[in-house]
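Have a look at the structure below, then the notes.
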Amino acid sequence: MSECITHATDETLEALINQPGRLVLVDFWADWCGPCKALAPTLDDIAEEYADQLLVVKVDVVANEATARRLSVQSIPLLVLYSGGLEVDRAAGSQTKSRLAALIDRHLA
Amino acid sequence: MIAFPQGENQKATAIARVEDAFAMGKLPSPDDAARVGLMKCLTETGEPRVIEATLGIPGGLALLAEEALLIRQDDPADAATMARDWVDAPAIGTDMTMVATRLVTWLFERVADADVLPVDDLPRCFGFVRDLHLRVLRGETIGRAEWAAARTEALAATDQEGDARRQLVAKFAETMAWPAATARTMLIEGARLYGSICAAAEEGRSDTTGDQRIEIHRVMDQLFTETAVMREADPGLFFPDLFAELHPELSARFVRDLDAANAAYVGGIVECAAHAILLMRAAAA
């Protein structure tokens with residue numbers, strides 16, 4: 001996994017999301033989820049490509065059930081984009097790098 | 001990016017790791033805890049960037065090889081030969097920097113080949129993105145803004161395209177609008193789309209007409225709805241068997257076309273991986 005990606009837990013996610021003026025992309029995943037694993041290299045690419053503009057955070061929904069429940073995570077992989085602590089976009093299912101970049105670019109402009 | 005920067009021992013060790021893993025039945029599945037994928041077999045973490053940093057082989061090529069091996073896992077001897085060829089292909093000390101870009105431009109040629117996907121004219125974004133890669137091959141440096149502009153045009157073309165075949169080509173262009181040297185996942189995403197394009201082309205070669213296809217899906221949907229209660233009561237009931245029993249001609253046609261499309265998809269990805277091996281070998285020349 002890229003060094004630009006941070007792992008979060010029920011206890012640490014809020015602080016990571018609530019960074020004023022910074023975009024944070026949260027990837028909800030699980031070890032048993034094949035599509036989540038397939039998406040992982042794309043997220044590594046994105047984390048490195050946007051290292052100075054975006055924080056990529058991974059949350060294991062099995063180990064962090066409370067967060068998954070609170071944020072209505074009903075299917076994985078699920079990517080949720082936060083800006084200044086507020087959810088601004090989300091994308092469910094597999095994404096190509098170009099589609100994911102387009103989603104991020106919309107909120108960087 | 002120089003292949004096997006530590007010399008002969010490093011390459012011999014990499015080949016031995018792959019051969020041993022196959023001999024012990026540990027390759028090529030990364031989904032099973034007791035087994036490993038090609039990248040995990042070659043490095044401790046199995047990450048594409050680590051493959052680049054330690055072996056000097058582009059990570060995108062490693063991701064592509066890993067997928068092709070997974071596809072071939074039902075033929076372990078074939079997969080073992082492919083994996084060994086992949087590790088053996090880069091000559092020690094060869095600069096591998098441009099191999100991924102060469103593979104990308106080859107993919108563009110394949111998609112543009114009328115035998116692969118007969119479309120009357122290629123979307124404008126296809127040529128736009130292909131030209132950026134050709135300029136990289138000529139030694140030009142393309143800035144981030146130019147890649148982003150190409151991507152934006154291709155994304156819009158995909159969303160606006162009404163014809164499914166042309167949309168696939170636009171989607172291919174949108175996916176490939178990144179610099180090949182650093183976008184490690186682009187090759188595998190592009191190879192999957194190439195596989196889908198090959199499958200669509202195969203569908204076009206079938207003697208099944210559009211009306212027949214619509215009829216097959218209509219009958220299948222109707223049967224699926226009508227048998228909902230029956231299927232719930234008997235979880236062992238296999239819907240494809242039911243469809244084959246009640247509509248043998250439609251089922252046979254559907255299965256034949258599906259098998260052909262699946263084979264074309266797999267063939268496309270394996271073809272990409274095989275060509276990557278050729279390009280890695282050729283890089284030494």
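Scheme for the structure tokens: letters A, B, ... for chains in order shown; per-chain residue numbers from 1; ligand numbers from 1 in order shown.
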
Residues of chain B no more than 7 Å from chain A, counting only C-alpha atoms: send them over as number ranges by chain. B: 47, 174-175, 183-185

Output file for the residues above (all heavy atoms, as a PDB file, in the first residue's frame):
```pdb
ATOM      1  N   GLU B  47       3.840  -4.899  -3.704  1.00  0.00           N
ATOM      2  CA  GLU B  47       3.335  -3.637  -4.272  1.00  0.00           C
ATOM      3  C   GLU B  47       4.048  -3.301  -5.575  1.00  0.00           C
ATOM      4  O   GLU B  47       5.259  -3.506  -5.698  1.00  0.00           O
ATOM      5  CB  GLU B  47       3.558  -2.496  -3.280  1.00  0.00           C
ATOM      6  CG  GLU B  47       2.737  -2.627  -2.028  1.00  0.00           C
ATOM      7  CD  GLU B  47       3.170  -1.612  -0.994  1.00  0.00           C
ATOM      8  OE1 GLU B  47       2.988  -0.428  -1.243  1.00  0.00           O
ATOM      9  OE2 GLU B  47       3.698  -2.024   0.047  1.00  0.00           O
ATOM     10  N   GLU B 174     -10.423   7.554 -22.335  1.00  0.00           N
ATOM     11  CA  GLU B 174     -10.486   8.250 -21.036  1.00  0.00           C
ATOM     12  C   GLU B 174      -9.589   7.549 -20.014  1.00  0.00           C
ATOM     13  O   GLU B 174      -8.912   8.182 -19.212  1.00  0.00           O
ATOM     14  CB  GLU B 174     -11.952   8.328 -20.559  1.00  0.00           C
ATOM     15  CG  GLU B 174     -12.241   7.576 -19.312  1.00  0.00           C
ATOM     16  CD  GLU B 174     -13.706   7.386 -18.962  1.00  0.00           C
ATOM     17  OE1 GLU B 174     -14.612   7.877 -19.649  1.00  0.00           O
ATOM     18  OE2 GLU B 174     -13.933   6.713 -17.952  1.00  0.00           O
ATOM     19  N   THR B 175      -9.581   6.229 -20.077  1.00  0.00           N
ATOM     20  CA  THR B 175      -8.796   5.444 -19.129  1.00  0.00           C
ATOM     21  C   THR B 175      -7.296   5.580 -19.376  1.00  0.00           C
ATOM     22  O   THR B 175      -6.493   5.551 -18.442  1.00  0.00           O
ATOM     23  CB  THR B 175      -9.224   3.961 -19.239  1.00  0.00           C
ATOM     24  OG1 THR B 175     -10.606   3.876 -18.920  1.00  0.00           O
ATOM     25  CG2 THR B 175      -8.442   3.064 -18.310  1.00  0.00           C
ATOM     26  N   ALA B 183       1.490   6.084 -14.108  1.00  0.00           N
ATOM     27  CA  ALA B 183       0.132   5.604 -13.798  1.00  0.00           C
ATOM     28  C   ALA B 183       0.136   4.077 -13.816  1.00  0.00           C
ATOM     29  O   ALA B 183      -0.052   3.454 -14.853  1.00  0.00           O
ATOM     30  CB  ALA B 183      -0.864   6.153 -14.813  1.00  0.00           C
ATOM     31  N   ARG B 184       0.376   3.488 -12.659  1.00  0.00           N
ATOM     32  CA  ARG B 184       0.603   2.031 -12.616  1.00  0.00           C
ATOM     33  C   ARG B 184      -0.655   1.210 -12.923  1.00  0.00           C
ATOM     34  O   ARG B 184      -0.555   0.095 -13.410  1.00  0.00           O
ATOM     35  CB  ARG B 184       1.155   1.648 -11.243  1.00  0.00           C
ATOM     36  CG  ARG B 184       2.483   2.314 -10.939  1.00  0.00           C
ATOM     37  CD  ARG B 184       3.087   1.779  -9.663  1.00  0.00           C
ATOM     38  NE  ARG B 184       4.296   2.498  -9.352  1.00  0.00           N
ATOM     39  CZ  ARG B 184       4.371   3.487  -8.458  1.00  0.00           C
ATOM     40  NH1 ARG B 184       3.304   3.837  -7.765  1.00  0.00           N
ATOM     41  NH2 ARG B 184       5.499   4.096  -8.247  1.00  0.00           N
ATOM     42  N   THR B 185      -1.840   1.752 -12.603  1.00  0.00           N
ATOM     43  CA  THR B 185      -3.054   0.952 -12.819  1.00  0.00           C
ATOM     44  C   THR B 185      -3.648   1.142 -14.213  1.00  0.00           C
ATOM     45  O   THR B 185      -4.576   0.442 -14.582  1.00  0.00           O
ATOM     46  CB  THR B 185      -4.134   1.294 -11.771  1.00  0.00           C
ATOM     47  OG1 THR B 185      -4.279   2.701 -11.717  1.00  0.00           O
ATOM     48  CG2 THR B 185      -3.762   0.770 -10.417  1.00  0.00           C
TER      49      THR B 185
END
```

Skip Thr105 of chain B itself and residues of its chain fewer than 5 positions away, then list as number ranges by chain all residues within 8 Å of it, counting only C-alpha atoms. B: 130, 133-134

Filtering to N, CA and C atoms, could you give me those residues as a CSV table (one decimal), in the first residue's frame?
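Here's the written file again.csv:
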```csv
chain,number,residue,atom,x,y,z
B,130,ARG,N,-4.0,9.2,-27.9
B,130,ARG,CA,-3.0,8.4,-28.6
B,130,ARG,C,-1.8,9.3,-29.0
B,133,HIS,N,0.7,10.0,-26.1
B,133,HIS,CA,1.6,8.9,-25.8
B,133,HIS,C,2.7,8.8,-26.9
B,134,LEU,N,2.3,9.1,-28.2
B,134,LEU,CA,3.3,9.1,-29.2
B,134,LEU,C,4.3,10.2,-29.0
```

With only C-alpha atoms as the basis for distance, which of B:Ala21, B:Ala260, B:Ala228, B:Ile216 is at the shortest distance from Pro248 of chain B?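 Result for the nearest residue to Pro248 of chain B: B:Ile216.
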
Step one, run DSSP on the backbone; step two, keep only residues of segment 17-91 of chain A assigned to alpha helix (DSSP H); then write them as a CSV table (one decimal) with N, CA, C and O atoms, in the first residue's frame.
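Listing of selection-v1.csv after writing:
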```csv
chain,number,residue,atom,x,y,z
A,17,ILE,N,-10.9,13.4,9.1
A,17,ILE,CA,-11.8,14.1,8.2
A,17,ILE,C,-11.9,15.6,8.5
A,17,ILE,O,-12.0,16.4,7.5
A,34,GLY,N,-13.4,-8.8,-2.8
A,34,GLY,CA,-12.6,-8.9,-4.0
A,34,GLY,C,-12.5,-7.5,-4.7
A,34,GLY,O,-11.4,-7.0,-5.0
A,35,PRO,N,-13.7,-6.9,-5.0
A,35,PRO,CA,-13.6,-5.6,-5.7
A,35,PRO,C,-12.8,-4.5,-4.9
A,35,PRO,O,-12.2,-3.7,-5.5
A,36,CYS,N,-12.9,-4.6,-3.6
A,36,CYS,CA,-12.1,-3.7,-2.7
A,36,CYS,C,-10.6,-3.9,-3.0
A,36,CYS,O,-9.8,-2.9,-3.1
A,37,LYS,N,-10.2,-5.1,-3.1
A,37,LYS,CA,-8.8,-5.4,-3.3
A,37,LYS,C,-8.4,-5.0,-4.7
A,37,LYS,O,-7.3,-4.5,-5.0
A,38,ALA,N,-9.3,-5.2,-5.7
A,38,ALA,CA,-9.0,-4.7,-7.1
A,38,ALA,C,-8.9,-3.2,-7.2
A,38,ALA,O,-8.1,-2.7,-8.0
A,39,LEU,N,-9.6,-2.5,-6.3
A,39,LEU,CA,-9.5,-1.1,-6.3
A,39,LEU,C,-8.3,-0.5,-5.6
A,39,LEU,O,-7.9,0.6,-5.9
A,40,ALA,N,-7.7,-1.3,-4.8
A,40,ALA,CA,-6.5,-0.8,-4.0
A,40,ALA,C,-5.4,-0.2,-4.8
A,40,ALA,O,-4.9,0.9,-4.4
A,41,PRO,N,-4.9,-0.9,-5.9
A,41,PRO,CA,-3.8,-0.2,-6.6
A,41,PRO,C,-4.2,1.1,-7.2
A,41,PRO,O,-3.4,2.0,-7.3
A,42,THR,N,-5.5,1.3,-7.6
A,42,THR,CA,-6.0,2.5,-8.2
A,42,THR,C,-5.9,3.6,-7.1
A,42,THR,O,-5.5,4.7,-7.3
A,43,LEU,N,-6.3,3.2,-5.9
A,43,LEU,CA,-6.2,4.2,-4.8
A,43,LEU,C,-4.8,4.6,-4.4
A,43,LEU,O,-4.5,5.7,-4.1
A,44,ASP,N,-3.9,3.6,-4.5
A,44,ASP,CA,-2.5,3.9,-4.3
A,44,ASP,C,-2.0,4.9,-5.4
A,44,ASP,O,-1.3,5.9,-5.0
A,45,ASP,N,-2.4,4.7,-6.6
A,45,ASP,CA,-2.1,5.7,-7.7
A,45,ASP,C,-2.6,7.1,-7.4
A,45,ASP,O,-1.9,8.1,-7.5
A,46,ILE,N,-3.9,7.1,-7.0
A,46,ILE,CA,-4.5,8.4,-6.7
A,46,ILE,C,-3.9,9.1,-5.5
A,46,ILE,O,-3.6,10.3,-5.6
A,47,ALA,N,-3.5,8.3,-4.5
A,47,ALA,CA,-2.9,8.9,-3.3
A,47,ALA,C,-1.6,9.6,-3.7
A,47,ALA,O,-1.2,10.6,-3.1
A,48,GLU,N,-0.8,8.9,-4.6
A,48,GLU,CA,0.5,9.5,-4.9
A,48,GLU,C,0.3,10.7,-5.9
A,48,GLU,O,1.0,11.7,-5.8
A,49,GLU,N,-0.7,10.5,-6.8
A,49,GLU,CA,-0.9,11.6,-7.8
A,49,GLU,C,-1.4,12.9,-7.1
A,49,GLU,O,-1.0,14.0,-7.5
A,65,GLU,N,-17.1,-1.3,12.8
A,65,GLU,CA,-18.5,-1.4,12.5
A,65,GLU,C,-19.3,-0.1,12.9
A,65,GLU,O,-20.2,0.3,12.2
A,66,ALA,N,-18.9,0.5,14.0
A,66,ALA,CA,-19.7,1.7,14.5
A,66,ALA,C,-19.6,2.8,13.4
A,66,ALA,O,-20.7,3.4,13.1
A,67,THR,N,-18.4,3.0,12.8
A,67,THR,CA,-18.3,4.0,11.8
A,67,THR,C,-19.1,3.7,10.6
A,67,THR,O,-19.8,4.5,10.0
A,68,ALA,N,-19.0,2.4,10.2
A,68,ALA,CA,-19.8,2.0,9.0
A,68,ALA,C,-21.3,2.2,9.1
A,68,ALA,O,-22.0,2.6,8.2
A,69,ARG,N,-21.8,1.9,10.3
A,69,ARG,CA,-23.2,2.0,10.6
A,69,ARG,C,-23.6,3.5,10.6
A,69,ARG,O,-24.5,3.9,10.0
A,70,ARG,N,-22.7,4.3,11.3
A,70,ARG,CA,-23.0,5.7,11.5
A,70,ARG,C,-23.1,6.5,10.1
A,70,ARG,O,-23.9,7.4,9.9
```

Give the strand (DSSP E) residues of chain A, as DSSP finds them on the backbone, and put them as a PyMOL selection string. chain A and resi 5-8+23-29+54-60+78-83+86-92

Just to be explicit: take each residue in the selection above, keep N, CA and C atoms, and write the result as a compact mmCIF listing (two decimals), in the first residue's frame.
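Result file follows (again_31.txt):
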```txt
# COMPACT_ATOMS: atom_id res chain seq x y z
N ILE A 5 -1.18 6.66 2.04
CA ILE A 5 -2.50 6.25 2.54
C ILE A 5 -2.44 6.02 4.05
N THR A 6 -3.51 6.51 4.73
CA THR A 6 -3.59 6.39 6.19
C THR A 6 -4.71 5.41 6.55
N HIS A 7 -4.50 4.58 7.55
CA HIS A 7 -5.56 3.70 8.05
C HIS A 7 -6.26 4.39 9.22
N ALA A 8 -7.60 4.36 9.21
CA ALA A 8 -8.34 4.99 10.30
C ALA A 8 -9.19 3.96 11.03
N LEU A 23 -9.16 18.18 1.34
CA LEU A 23 -10.03 17.10 0.86
C LEU A 23 -9.54 15.78 1.44
N VAL A 24 -10.49 14.97 1.88
CA VAL A 24 -10.15 13.65 2.42
C VAL A 24 -11.02 12.61 1.73
N LEU A 25 -10.39 11.61 1.13
CA LEU A 25 -11.13 10.54 0.47
C LEU A 25 -11.06 9.30 1.35
N VAL A 26 -12.23 8.82 1.78
CA VAL A 26 -12.26 7.66 2.67
C VAL A 26 -12.73 6.43 1.89
N ASP A 27 -11.93 5.40 1.94
CA ASP A 27 -12.26 4.14 1.26
C ASP A 27 -12.74 3.13 2.30
N PHE A 28 -14.01 2.77 2.22
CA PHE A 28 -14.56 1.75 3.12
C PHE A 28 -14.39 0.39 2.44
N TRP A 29 -13.71 -0.51 3.11
CA TRP A 29 -13.32 -1.77 2.49
C TRP A 29 -13.37 -2.91 3.52
N LEU A 54 -4.70 15.94 -1.37
CA LEU A 54 -5.75 15.01 -0.92
C LEU A 54 -5.16 14.01 0.08
N LEU A 55 -5.96 13.73 1.13
CA LEU A 55 -5.56 12.67 2.06
C LEU A 55 -6.44 11.45 1.77
N VAL A 56 -5.82 10.31 1.53
CA VAL A 56 -6.59 9.09 1.30
C VAL A 56 -6.55 8.24 2.57
N VAL A 57 -7.75 7.88 3.04
CA VAL A 57 -7.88 7.15 4.31
C VAL A 57 -8.64 5.86 4.06
N LYS A 58 -8.18 4.77 4.64
CA LYS A 58 -8.90 3.49 4.48
C LYS A 58 -9.53 3.10 5.83
N VAL A 59 -10.77 2.63 5.74
CA VAL A 59 -11.48 2.18 6.95
C VAL A 59 -11.97 0.75 6.71
N ASP A 60 -11.50 -0.17 7.52
CA ASP A 60 -11.95 -1.56 7.46
C ASP A 60 -13.32 -1.64 8.15
N LEU A 78 -16.84 1.48 -1.02
CA LEU A 78 -17.52 2.78 -1.04
C LEU A 78 -16.48 3.86 -0.79
N LEU A 79 -16.48 4.86 -1.64
CA LEU A 79 -15.55 5.98 -1.48
C LEU A 79 -16.35 7.22 -1.13
N VAL A 80 -15.97 7.86 -0.03
CA VAL A 80 -16.67 9.08 0.40
C VAL A 80 -15.65 10.21 0.46
N LEU A 81 -16.01 11.32 -0.16
CA LEU A 81 -15.10 12.47 -0.22
C LEU A 81 -15.59 13.54 0.76
N TYR A 82 -14.66 14.00 1.62
CA TYR A 82 -14.98 15.04 2.61
C TYR A 82 -14.17 16.29 2.33
N SER A 83 -14.80 17.43 2.58
CA SER A 83 -14.07 18.71 2.49
C SER A 83 -14.40 19.49 3.76
N LEU A 86 -17.06 17.92 5.97
CA LEU A 86 -18.40 17.65 5.43
C LEU A 86 -18.32 16.72 4.22
N GLU A 87 -19.27 15.79 4.14
CA GLU A 87 -19.30 14.91 2.96
C GLU A 87 -19.73 15.73 1.75
N VAL A 88 -18.93 15.63 0.67
CA VAL A 88 -19.28 16.40 -0.54
C VAL A 88 -19.59 15.49 -1.73
N ASP A 89 -19.20 14.23 -1.65
CA ASP A 89 -19.47 13.32 -2.75
C ASP A 89 -19.25 11.88 -2.28
N ARG A 90 -19.87 10.95 -2.97
CA ARG A 90 -19.55 9.53 -2.70
C ARG A 90 -19.74 8.71 -3.96
N ALA A 91 -18.97 7.64 -4.07
CA ALA A 91 -19.05 6.76 -5.25
C ALA A 91 -18.99 5.32 -4.77
N ALA A 92 -19.99 4.54 -5.18
CA ALA A 92 -20.04 3.14 -4.77
C ALA A 92 -19.53 2.25 -5.89
```

Tell me which protein, DNA and RNA residues are within 12 Å of Arg110 of chain B, counting only C-alpha atoms, leaving out same-chain ones fewer than 5 positions away, and put them as a PyMOL selection string. chain B and resi 103-105+115-118+130+169+172+190-191+193-195+197-198+268+271-272+275

Prev. selection, N, CA and C atoms, output as a PDB file, in the first residue's frame:
```pdb
ATOM      1  N   LEU B 103       3.739  -0.226 -24.863  1.00  0.00           N
ATOM      2  CA  LEU B 103       2.590  -1.137 -24.776  1.00  0.00           C
ATOM      3  C   LEU B 103       1.278  -0.356 -24.963  1.00  0.00           C
ATOM      4  N   VAL B 104       1.225   0.841 -24.420  1.00  0.00           N
ATOM      5  CA  VAL B 104       0.022   1.668 -24.563  1.00  0.00           C
ATOM      6  C   VAL B 104      -0.222   1.998 -26.041  1.00  0.00           C
ATOM      7  N   THR B 105       0.837   2.409 -26.749  1.00  0.00           N
ATOM      8  CA  THR B 105       0.637   2.776 -28.165  1.00  0.00           C
ATOM      9  C   THR B 105       0.256   1.544 -28.987  1.00  0.00           C
ATOM     10  N   ASP B 115     -10.553  -4.948 -37.501  1.00  0.00           N
ATOM     11  CA  ASP B 115     -10.936  -6.327 -37.208  1.00  0.00           C
ATOM     12  C   ASP B 115     -11.274  -6.515 -35.735  1.00  0.00           C
ATOM     13  N   VAL B 116     -10.692  -5.644 -34.907  1.00  0.00           N
ATOM     14  CA  VAL B 116     -10.967  -5.770 -33.473  1.00  0.00           C
ATOM     15  C   VAL B 116     -12.343  -5.184 -33.167  1.00  0.00           C
ATOM     16  N   LEU B 117     -12.560  -3.949 -33.540  1.00  0.00           N
ATOM     17  CA  LEU B 117     -13.861  -3.346 -33.287  1.00  0.00           C
ATOM     18  C   LEU B 117     -14.281  -2.482 -34.467  1.00  0.00           C
ATOM     19  N   PRO B 118     -15.110  -3.030 -35.340  1.00  0.00           N
ATOM     20  CA  PRO B 118     -15.493  -2.240 -36.509  1.00  0.00           C
ATOM     21  C   PRO B 118     -16.418  -1.066 -36.144  1.00  0.00           C
ATOM     22  N   ARG B 130      -4.019   9.200 -27.932  1.00  0.00           N
ATOM     23  CA  ARG B 130      -2.956   8.412 -28.579  1.00  0.00           C
ATOM     24  C   ARG B 130      -1.768   9.304 -28.956  1.00  0.00           C
ATOM     25  N   VAL B 169     -14.869   2.654 -26.957  1.00  0.00           N
ATOM     26  CA  VAL B 169     -13.620   3.232 -27.465  1.00  0.00           C
ATOM     27  C   VAL B 169     -13.304   4.537 -26.729  1.00  0.00           C
ATOM     28  N   PHE B 172     -12.076   3.719 -23.363  1.00  0.00           N
ATOM     29  CA  PHE B 172     -10.672   3.292 -23.454  1.00  0.00           C
ATOM     30  C   PHE B 172      -9.771   4.541 -23.454  1.00  0.00           C
ATOM     31  N   GLY B 190      -6.722  -0.522 -18.916  1.00  0.00           N
ATOM     32  CA  GLY B 190      -6.795  -0.478 -20.383  1.00  0.00           C
ATOM     33  C   GLY B 190      -6.895  -1.866 -20.984  1.00  0.00           C
ATOM     34  N   ALA B 191      -6.171  -2.825 -20.393  1.00  0.00           N
ATOM     35  CA  ALA B 191      -6.221  -4.198 -20.903  1.00  0.00           C
ATOM     36  C   ALA B 191      -7.614  -4.803 -20.704  1.00  0.00           C
ATOM     37  N   LEU B 193     -10.393  -3.099 -20.641  1.00  0.00           N
ATOM     38  CA  LEU B 193     -11.268  -2.478 -21.647  1.00  0.00           C
ATOM     39  C   LEU B 193     -11.007  -3.061 -23.029  1.00  0.00           C
ATOM     40  N   TYR B 194      -9.726  -3.323 -23.318  1.00  0.00           N
ATOM     41  CA  TYR B 194      -9.402  -3.963 -24.600  1.00  0.00           C
ATOM     42  C   TYR B 194     -10.091  -5.334 -24.673  1.00  0.00           C
ATOM     43  N   GLY B 195     -10.074  -6.063 -23.558  1.00  0.00           N
ATOM     44  CA  GLY B 195     -10.779  -7.345 -23.501  1.00  0.00           C
ATOM     45  C   GLY B 195     -12.268  -7.156 -23.774  1.00  0.00           C
ATOM     46  N   ILE B 197     -13.600  -4.731 -25.467  1.00  0.00           N
ATOM     47  CA  ILE B 197     -13.744  -4.354 -26.885  1.00  0.00           C
ATOM     48  C   ILE B 197     -13.665  -5.611 -27.758  1.00  0.00           C
ATOM     49  N   CYS B 198     -12.744  -6.526 -27.424  1.00  0.00           N
ATOM     50  CA  CYS B 198     -12.649  -7.792 -28.165  1.00  0.00           C
ATOM     51  C   CYS B 198     -13.948  -8.596 -28.024  1.00  0.00           C
ATOM     52  N   GLY B 268      -8.057 -11.152 -25.035  1.00  0.00           N
ATOM     53  CA  GLY B 268      -7.547  -9.787 -25.135  1.00  0.00           C
ATOM     54  C   GLY B 268      -6.540  -9.473 -24.043  1.00  0.00           C
ATOM     55  N   GLU B 271      -3.381 -11.535 -24.512  1.00  0.00           N
ATOM     56  CA  GLU B 271      -2.631 -10.976 -25.647  1.00  0.00           C
ATOM     57  C   GLU B 271      -1.803  -9.765 -25.193  1.00  0.00           C
ATOM     58  N   CYS B 272      -2.398  -8.901 -24.370  1.00  0.00           N
ATOM     59  CA  CYS B 272      -1.669  -7.734 -23.841  1.00  0.00           C
ATOM     60  C   CYS B 272      -0.466  -8.174 -23.014  1.00  0.00           C
ATOM     61  N   HIS B 275       2.227  -9.530 -25.177  1.00  0.00           N
ATOM     62  CA  HIS B 275       2.936  -8.479 -25.913  1.00  0.00           C
ATOM     63  C   HIS B 275       3.868  -7.702 -24.980  1.00  0.00           C
TER      64      HIS B 275
END
```

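What separates atom CA of Ala89 of chain B from atom CA of Cys41 of chain B is a distance of 16.9 Å.
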
Do you know which residues are at most 12 Å from Ala252 of chain B counting only C-alpha atoms, after dropping those on the same chain fewer than 6 positions away, and could you put them as a short mmCIF file (atom, residue, chain, number, x, y, z; two decimals) with all heavy atoms, in the first residue's frame?
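As a result, out_5.cif now contains:
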```cif
data_model
loop_
_atom_site.label_atom_id
_atom_site.label_comp_id
_atom_site.auth_asym_id
_atom_site.auth_seq_id
_atom_site.Cartn_x
_atom_site.Cartn_y
_atom_site.Cartn_z
N THR B 208 -26.24 -14.13 -34.34
CA THR B 208 -27.43 -13.74 -33.57
C THR B 208 -27.78 -12.29 -33.90
O THR B 208 -26.93 -11.41 -33.77
CB THR B 208 -27.18 -13.88 -32.06
OG1 THR B 208 -26.76 -15.22 -31.79
CG2 THR B 208 -28.42 -13.56 -31.24
N ILE B 216 -34.13 -13.10 -26.47
CA ILE B 216 -33.51 -13.98 -25.46
C ILE B 216 -33.60 -13.34 -24.07
O ILE B 216 -34.02 -13.98 -23.10
CB ILE B 216 -32.02 -14.26 -25.82
CG1 ILE B 216 -31.94 -15.20 -27.03
CG2 ILE B 216 -31.28 -14.87 -24.63
CD1 ILE B 216 -30.54 -15.35 -27.61
N PRO B 240 -29.93 -21.22 -14.95
CA PRO B 240 -29.53 -21.53 -16.34
C PRO B 240 -30.04 -22.90 -16.80
O PRO B 240 -30.40 -23.07 -17.98
CB PRO B 240 -28.00 -21.49 -16.29
CG PRO B 240 -27.71 -20.52 -15.19
CD PRO B 240 -28.76 -20.79 -14.16
N ASP B 241 -30.07 -23.90 -15.88
CA ASP B 241 -30.59 -25.22 -16.25
C ASP B 241 -32.09 -25.15 -16.58
O ASP B 241 -32.57 -25.80 -17.52
CB ASP B 241 -30.37 -26.23 -15.10
CG ASP B 241 -28.91 -26.60 -14.96
OD1 ASP B 241 -28.14 -26.29 -15.89
OD2 ASP B 241 -28.56 -27.17 -13.92
N PHE B 243 -33.72 -22.50 -17.65
CA PHE B 243 -33.85 -21.79 -18.93
C PHE B 243 -33.55 -22.75 -20.09
O PHE B 243 -34.28 -22.78 -21.09
CB PHE B 243 -32.88 -20.60 -18.93
CG PHE B 243 -32.95 -19.74 -20.16
CD1 PHE B 243 -34.16 -19.23 -20.62
CD2 PHE B 243 -31.80 -19.42 -20.87
CE1 PHE B 243 -34.23 -18.43 -21.76
CE2 PHE B 243 -31.85 -18.62 -22.00
CZ PHE B 243 -33.07 -18.13 -22.44
N ALA B 244 -32.52 -23.57 -19.92
CA ALA B 244 -32.13 -24.51 -20.98
C ALA B 244 -33.21 -25.56 -21.21
O ALA B 244 -33.48 -25.98 -22.34
CB ALA B 244 -30.82 -25.18 -20.62
N GLU B 245 -33.85 -25.97 -20.10
CA GLU B 245 -34.88 -27.02 -20.20
C GLU B 245 -36.14 -26.49 -20.91
O GLU B 245 -36.73 -27.18 -21.76
CB GLU B 245 -35.24 -27.47 -18.78
CG GLU B 245 -36.11 -28.72 -18.73
CD GLU B 245 -36.47 -29.05 -17.29
OE1 GLU B 245 -35.60 -28.92 -16.41
OE2 GLU B 245 -37.64 -29.42 -17.07
N LEU B 246 -36.52 -25.26 -20.58
CA LEU B 246 -37.76 -24.70 -21.12
C LEU B 246 -37.59 -24.02 -22.48
O LEU B 246 -38.51 -23.96 -23.27
CB LEU B 246 -38.38 -23.71 -20.12
CG LEU B 246 -38.82 -24.34 -18.80
CD1 LEU B 246 -39.22 -23.28 -17.80
CD2 LEU B 246 -39.97 -25.32 -19.03
N LEU B 258 -22.21 -16.21 -25.25
CA LEU B 258 -21.56 -15.79 -24.01
C LEU B 258 -20.16 -16.41 -23.90
O LEU B 258 -19.19 -15.73 -23.54
CB LEU B 258 -22.42 -16.21 -22.80
CG LEU B 258 -21.93 -15.76 -21.43
CD1 LEU B 258 -21.97 -14.23 -21.32
CD2 LEU B 258 -22.78 -16.37 -20.33
N ASP B 259 -20.06 -17.69 -24.22
CA ASP B 259 -18.75 -18.36 -24.17
C ASP B 259 -17.77 -17.70 -25.13
O ASP B 259 -16.60 -17.50 -24.80
CB ASP B 259 -18.90 -19.85 -24.53
CG ASP B 259 -19.50 -20.66 -23.38
OD1 ASP B 259 -19.60 -20.11 -22.27
OD2 ASP B 259 -19.89 -21.82 -23.61
#
```

One decimal, Å: what's the distance from atom CA of Ala150 of chain B over to atom CA of Val129 of chain B, could you say?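 Distance between the two atoms: 6.1 Å.
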
One decimal, Å: what's the distance from atom CA of Arg218 of chain B over to atom CA of Leu250 of chain B, could you say?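 Pair atom CA of Arg218 of chain B / atom CA of Leu250 of chain B returns 10.9 Å.
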
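The residue set within 8 Å of Ala276 of chain B, counting only C-alpha atoms and dropping same-chain residues fewer than 2 places from it, reads B:Leu61, B:Val99, B:Ala100, B:Leu103, B:Cys272, B:Ala273, B:Ala274, B:Leu278, B:Leu279, B:Met280.
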